[in-house]
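To start, the structure under review is shown below, and the notes come after it.
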Amino acid sequence: MKRSHDSDAWAHRALGGGLPVLLLVLWLAASETGMVAPYLLPHPKDVLATAASYVFGHGGQAGFAGRFVDDFSASIARVMLGFGLAVLVGLPLGILSGRLALVNRLLGTTINALRAVPGISWLPLALVWFGIGLKTTVFLVALAAFFPIYLNAEAGARQVNPTLLRAGAMMGVRRLRGTFAILLPAAMPNIITGLRLGLGISWAYLVLGELTGVPNGLGAMIMDARMLGRIDVIVVGIIFIAVIGRLCDVGLHQALRLAFKSARRLP
Amino acid sequence: MKPKLKIVSSRQRPADARAILEVEGLSKGFATNGAGEILVLNKVEFTVRKGEMVCIVGRSGCGKSTLLNILAGFTFPDRGRVRLRGRPVDRPAPDRCVVFQEDALFPWLTVRENIAFGLKTHSMSRRDKEREVDRFLALVGLTDFGGYLPSEISGGMKQRVALARVLILQPEVLLMDEPFAALDAQTREEMQDLLLHLWAKLTHSIVFVTHDVGEAVLLADRVLLFENAPGRVKEEIAIDLPRPREKDTGRYYALCRAITSKMKRV
Ligand SMILES: Nc1ncnc2c1ncn2[C@@H]1O[C@H](COP(=O)(O)OP(=O)(O)OP(=O)(O)O)[C@@H](O)[C@H]1O
Ligand SMILES: [Mg+2]
């Protein structure tokens with residue numbers, strides 16, 4: 001019984017990896033048979049070699065060799081700063097506006113109007129305000145991540161079963177403790193959804209911010225590669241962002257489950 | 001043998017010195033969509049003595065839950081007042097705890113953590129708290145289920161947890177809003193037995209809302225018959241059956257029949 005459960009779980013996990021493997025096989029086949037020209041999509045082994053040199057190579061020999069650590073730490077710092085800002089502002093505002101009609105009325109219209117503005121249209125303004133570099137990128141990331149975090153926290157707080165709050169009140173829980181002991185845990189599934197969406201979109205806007213001519217970062221690396229016509233480097237950049245984005249998502253989810261009972265125990 | 005029905009109109013009830021919960025002239029209306037304001041409670045008056053079990057029986061929609069919400073301090077009356085030991089009730093507090101009809105356990109806490117929830121703010125050593133939680137787990141027969149989540153236990157067990165988590169706070173009045181209505185007949189009987197057992201042991205007062213006349217006669221010292229639309233105490237019926245009560249006695253059935261026929265006339 002237990003055994004079949006385990007193998008089910010494995011099959012499930014394997015299923016998630018199935019599509020990437022299939023794509024890789026197709027890519028390999030297309031390159032080997034010459035169906036796709038290398039200048040459109042390089043051979044996987046070339047991409048692998050580029051990736052290896054990008055991570056392990058020594059600077060100087062080729063433009064991109066050994067840049068990974070530098071790019072990665074710059075990017076991850078920008079994402080964490082921007083995402084952190086979005087959490088710091090979006091989570092409390094969302095919870096407040098889910099519970100207090102006054103706050104909701106105060107913020108609702110504005111936030112929903114701003115939400116309709118595509119993030120990319122902030123780029124020129126951000127460049128004027130903050131110039132090229134860290135601040136612009138962090139601003140774009142924070143702005144983009146704010147909306148899913150705020151909206152999901154608001155929905156979660158609004159939908160909390162009022163009987164749970166009453167139960168807490170009768171057991172002597174005052175407002176502030178009630179917020180942390182009842183409101184947040186009860187809204188946790190929505191909060192997690194918001195945080196994960198927010199982190200995902202952070203990576204998208206990170207690249208947007210880094211395309212504007214900063215010296216380092218995964219987005220900058222892709223932009224530099226386009227300038228030099230190094231399509232293999234572009235592909236490496238895309239794959240790295242996909243993998244790192246996925247790892248961040250898993251990491252965030254695991255961290256939340258580790259930190260909060262409600263994240264572990266609620267569906 | 002004819003049952004003795006003591007009927008006291010709510011107006012002429014002699015004052016009882018040991019009454020701990022006093023409800024005076026309680027009225028409450030709701031604004032409705034279309035029909036204007038409807039009066040749900042109309043000058044409700046009654047008292048509950050220390051350690052007494054009072055059952056409120058009435059048809060669906062006569063304002064029983066509204067009354068209980070006011071007693072608990074969740075909502076406020078338009079007129080009238082509620083006093084506990086002479087002090088006005090103006091907010092929820094652990095001296096008046098509710099067992100809700102629906103499942104109101106915290107789904108992210110285990111059975112044990114749910115029962116311990118209200119103790120968190122108490123100035124009691126950790127070990128004393130643990131011991132107290134163990135005692136109440138045992139009292140409601142859930143010693144082996146402390147680590148389960150609410151989603152993993154049955155409806156009857158959930159209501160046991162709901163009972164334990166408030167009894168551990170030693171409320172003076174326990175407010176119960178049709179707590180067993182959603183359970184099957186056999187589980188309901190078990191829960192009624194458990195409630196009586198705990199009540200005898202812990203001596204708190206109980207206001208128990210139900211629409212099941214048989215349940216009221218089994219449990220109550222006194223039954224308050226509620227009039228429909230607007231809700232009002234129509235009659236008080238003292239249940240003088242000796243405890244422990246048997247369900248298949250002539251006196252039990254006679255009382256049930258008498259109250260049921262009064263309910264029809266209401
Ligand atoms: N918040 C509210 N707003 C408007 N009307 C309400 C509200 N709460 C209750 N009512 C109305 O008050 C009346 C009494 O409701 P209540 O829930 O107290 O009845 P009840 O006796 O508990 O009924 P039941 O046995 O079905 O639980 C109903 O007609 C209901 O529609
Ligand atoms: Mg009700």
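So you can find residues: chains in the structure tokens are A, B, ... in the order shown, residues in each start at 1, and ligands are numbered from 1 in order.
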With 7 Å as the cut-off and only C-alpha atoms counted, what is the closest atom pair between each nearby residue of chain B and chain A? Distances in Å to one decimal, ordered by chain and number, as a tab-separated table.
residue	atom	partner	partner_atom	distance
B:Pro92	CA	A:Met170	CA	4.7
B:Ala93	CA	A:Met170	CA	4.6
B:Pro94	CA	A:Met171	CA	4.9
B:Cys97	CA	A:Met170	CA	5.9
B:Ala104	CA	A:Leu164	CA	5.7
B:Phe106	CA	A:Leu164	CA	6.9
B:Trp108	CA	A:Ser262	CA	4.9
B:Gly118	CA	A:Met171	CA	5.1
Write the residues of the preceding selection, restricted to N, CA and C atoms, as a PDB file, in the first residue's frame.
ATOM      1  N   PRO B  92     -17.128  40.017  23.575  1.00  0.00           N
ATOM      2  CA  PRO B  92     -16.877  38.597  23.811  1.00  0.00           C
ATOM      3  C   PRO B  92     -15.811  38.418  24.886  1.00  0.00           C
ATOM      4  N   ALA B  93     -15.942  37.425  25.707  1.00  0.00           N
ATOM      5  CA  ALA B  93     -14.936  37.152  26.731  1.00  0.00           C
ATOM      6  C   ALA B  93     -15.049  35.688  27.148  1.00  0.00           C
ATOM      7  N   PRO B  94     -13.968  35.146  27.707  1.00  0.00           N
ATOM      8  CA  PRO B  94     -13.949  33.720  28.050  1.00  0.00           C
ATOM      9  C   PRO B  94     -14.935  33.326  29.147  1.00  0.00           C
ATOM     10  N   CYS B  97     -18.583  31.382  26.798  1.00  0.00           N
ATOM     11  CA  CYS B  97     -18.020  30.748  25.603  1.00  0.00           C
ATOM     12  C   CYS B  97     -19.091  30.058  24.782  1.00  0.00           C
ATOM     13  N   ALA B 104     -16.019  25.250  13.819  1.00  0.00           N
ATOM     14  CA  ALA B 104     -15.307  26.518  14.009  1.00  0.00           C
ATOM     15  C   ALA B 104     -13.943  26.286  14.651  1.00  0.00           C
ATOM     16  N   PHE B 106      -9.846  25.747  14.512  1.00  0.00           N
ATOM     17  CA  PHE B 106      -8.808  26.312  13.657  1.00  0.00           C
ATOM     18  C   PHE B 106      -8.190  25.173  12.851  1.00  0.00           C
ATOM     19  N   TRP B 108      -5.702  24.798  11.008  1.00  0.00           N
ATOM     20  CA  TRP B 108      -4.247  24.638  10.912  1.00  0.00           C
ATOM     21  C   TRP B 108      -3.648  24.184  12.250  1.00  0.00           C
ATOM     22  N   GLY B 118      -6.881  28.793  23.893  1.00  0.00           N
ATOM     23  CA  GLY B 118      -7.336  29.840  24.812  1.00  0.00           C
ATOM     24  C   GLY B 118      -6.455  30.007  26.043  1.00  0.00           C
TER      25      GLY B 118
END
Kindly work out which residues sit at most 8 Å from ligand 2, using only C-alpha atoms and all ligand atoms, and give the list as a PDB file with C-alpha atoms, in the first residue's frame.
ATOM      1  CA  SER B  60     -36.265  28.024  12.679  1.00  0.00           C
ATOM      2  CA  GLY B  61     -35.790  31.737  12.182  1.00  0.00           C
ATOM      3  CA  GLY B  63     -34.012  34.563  16.510  1.00  0.00           C
ATOM      4  CA  LYS B  64     -32.286  31.931  18.651  1.00  0.00           C
ATOM      5  CA  SER B  65     -28.883  32.445  17.070  1.00  0.00           C
ATOM      6  CA  THR B  66     -29.329  36.205  17.207  1.00  0.00           C
ATOM      7  CA  GLN B 101     -23.283  24.873  15.228  1.00  0.00           C
ATOM      8  CA  ASP B 177     -26.178  26.918  19.343  1.00  0.00           C
ATOM      9  CA  GLU B 178     -27.700  23.669  18.087  1.00  0.00           C
TER      10      GLU B 178
END
Hey, what's within 8 Å of stretch 185-192 of chain B if we count only C-alpha atoms and toss same-chain stuff fewer than 5 positions away? As an mmCIF file with N, CA, C and O atoms, in the first residue's frame, please?
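Listing of selection_26.cif after writing:
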data_model
loop_
_atom_site.group_PDB
_atom_site.id
_atom_site.type_symbol
_atom_site.label_atom_id
_atom_site.label_comp_id
_atom_site.auth_asym_id
_atom_site.auth_seq_id
_atom_site.Cartn_x
_atom_site.Cartn_y
_atom_site.Cartn_z
ATOM 1 N N GLY B 156 -18.571 14.417 15.049
ATOM 2 C CA GLY B 156 -18.775 14.285 16.486
ATOM 3 C C GLY B 156 -17.514 14.615 17.262
ATOM 4 O O GLY B 156 -17.560 15.309 18.284
ATOM 5 N N ARG B 160 -16.556 17.556 20.086
ATOM 6 C CA ARG B 160 -15.887 17.277 21.362
ATOM 7 C C ARG B 160 -14.736 18.245 21.585
ATOM 8 O O ARG B 160 -14.531 18.757 22.685
ATOM 9 N N PHE B 180 -25.403 19.910 18.229
ATOM 10 C CA PHE B 180 -25.406 18.511 17.786
ATOM 11 C C PHE B 180 -26.349 18.280 16.618
ATOM 12 O O PHE B 180 -26.598 17.146 16.222
ATOM 13 N N LEU B 219 -32.181 17.324 28.460
ATOM 14 C CA LEU B 219 -31.071 18.074 29.036
ATOM 15 C C LEU B 219 -31.484 19.092 30.090
ATOM 16 O O LEU B 219 -30.788 19.287 31.081
#
Review point. When the cut-off is 12 Å and you count only C-alpha atoms and all ligand atoms, which residues lie near ligand 1, shown as an MDAnalysis selection string?
Key: chainID B and resid 27:42 56:70 74:76 100:102 176:179 181:182 208:212 225:232
Exercise for review: Write out as a ChimeraX atom specification which residues come within 8 Å of stretch 19-22 of chain B when counting only C-alpha atoms, dropping same-chain ones fewer than 2 positions away.
Suggested key: /B:16-17,24,45-50,82-86,173
Point to revise | Residue set, stretch 24-262 of chain A restricted to alpha helix (DSSP H), as JSON, numbers by chain | key: {"A": [24, 25, 26, 27, 28, 29, 30, 31, 32, 44, 45, 46, 47, 48, 49, 50, 51, 52, 53, 54, 55, 56, 68, 69, 70, 71, 72, 73, 74, 75, 76, 77, 78, 79, 80, 81, 82, 83, 84, 85, 86, 87, 88, 89, 90, 91, 92, 93, 94, 95, 96, 97, 98, 99, 101, 102, 103, 104, 105, 106, 107, 108, 109, 110, 111, 112, 113, 114, 115, 122, 123, 124, 125, 126, 127, 128, 129, 130, 134, 135, 136, 137, 138, 139, 140, 141, 142, 143, 144, 145, 146, 147, 148, 149, 150, 151, 152, 153, 154, 155, 156, 157, 158, 162, 163, 164, 165, 166, 167, 168, 169, 170, 175, 176, 177, 178, 184, 185, 186, 187, 188, 189, 190, 191, 192, 193, 194, 195, 196, 197, 198, 199, 200, 201, 202, 203, 204, 205, 206, 207, 208, 209, 210, 218, 219, 220, 221, 222, 223, 224, 225, 226, 227, 228, 231, 232, 233, 234, 235, 236, 237, 238, 239, 240, 241, 242, 243, 244, 245, 246, 247, 248, 249, 250, 251, 252, 253, 254, 255, 256, 257, 258, 259, 261, 262]}
Point to revise | Interatomic distance, atom CA of B:His204 to atom CA of B:Met53 (Å, one decimal) | key: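 For atom CA of B:His204 relative to atom CA of B:Met53, the distance reads 8.6 Å.
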Check your understanding: So which residues touch A:Gly209 within 12 Å, counting only C-alpha atoms, skipping near sequence neighbours fewer than 5 positions away, as JSON, numbers by chain?
Key -> {"A": [75, 78, 79, 82, 119, 120, 121, 122, 123, 124, 125, 126, 127, 130, 131, 132, 133, 134, 135, 136, 137, 138, 139, 140, 141, 142, 143, 144, 202, 203, 204, 214, 215, 216, 217, 218, 219, 220, 223]}
Review point. Quick one: distance from atom CA of A:Arg196 to atom CA of B:Glu152 in Å, one decimal?
Key: 27.6 Å
Check your understanding: From the list B:Cys256, B:Leu105, B:Ala72, B:Leu224, which residue is nearest B:Asp90 when using only C-alpha atoms?
Key ->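 Among B:Cys256, B:Leu105, B:Ala72, B:Leu224, it is B:Ala72 that comes nearest to B:Asp90.
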Please build the interface table for stretch 84-172 of chain B against stretch 194-203 of chain B with a cut-off of 9 Å, listing for each qualifying residue the nearest atom pair and the distance in Å to one decimal; count only C-alpha atoms, order rows by chain and increasing number, and write it as a Markdown table.
| residue | atom | partner | partner_atom | distance |
| --- | --- | --- | --- | --- |
| B:Leu139 | CA | B:Leu198 | CA | 7.6 |
| B:Val140 | CA | B:Leu194 | CA | 7.2 |
| B:Arg160 | CA | B:Leu194 | CA | 8.7 |
| B:Leu163 | CA | B:Leu195 | CA | 8.5 |
| B:Leu167 | CA | B:Leu202 | CA | 8.3 |
| B:Gln170 | CA | B:Leu202 | CA | 8.0 |
| B:Glu172 | CA | B:Thr203 | CA | 8.6 |
Exercise for review: Identify which of the residues B:Arg96, B:Arg112, B:Lys234, B:Arg126 lies closest to B:Leu169, counting only C-alpha atoms when measuring atom-to-atom distances.
Suggested key: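 Of the candidates, the smallest distance to B:Leu169 is held by B:Arg96.
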Practice item. Please measure the separation of atom CA of A:His253 and atom CA of A:Ser73, giving the value in Å to one decimal. Key: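 Answer for the atom CA of A:His253 to atom CA of A:Ser73 separation: 21.0 Å.
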Check your understanding: Contacts of A:Pro44 at 8 Å or less, counting only C-alpha atoms, minus same-chain residues fewer than 2 places along, as a ChimeraX atom specification?
Key -> /A:27-28,31,42,46-48
Practice item. Go through A:Ala101, A:Leu195, A:Ala29, A:Ile111 and flag the residue nearest A:Leu252, using only C-alpha atoms for the distances. Key: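 Once distances to A:Leu252 are computed over only C-alpha atoms, the minimum belongs to A:Leu195.
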Practice item. Once DSSP has gone over the backbone, tell me which residues of stretch 17-96 of chain B are in strand (DSSP E or B), as a PyMOL selection string. Key: chain B and resi 19-32+36-49+53-57+79-84+87-88+96
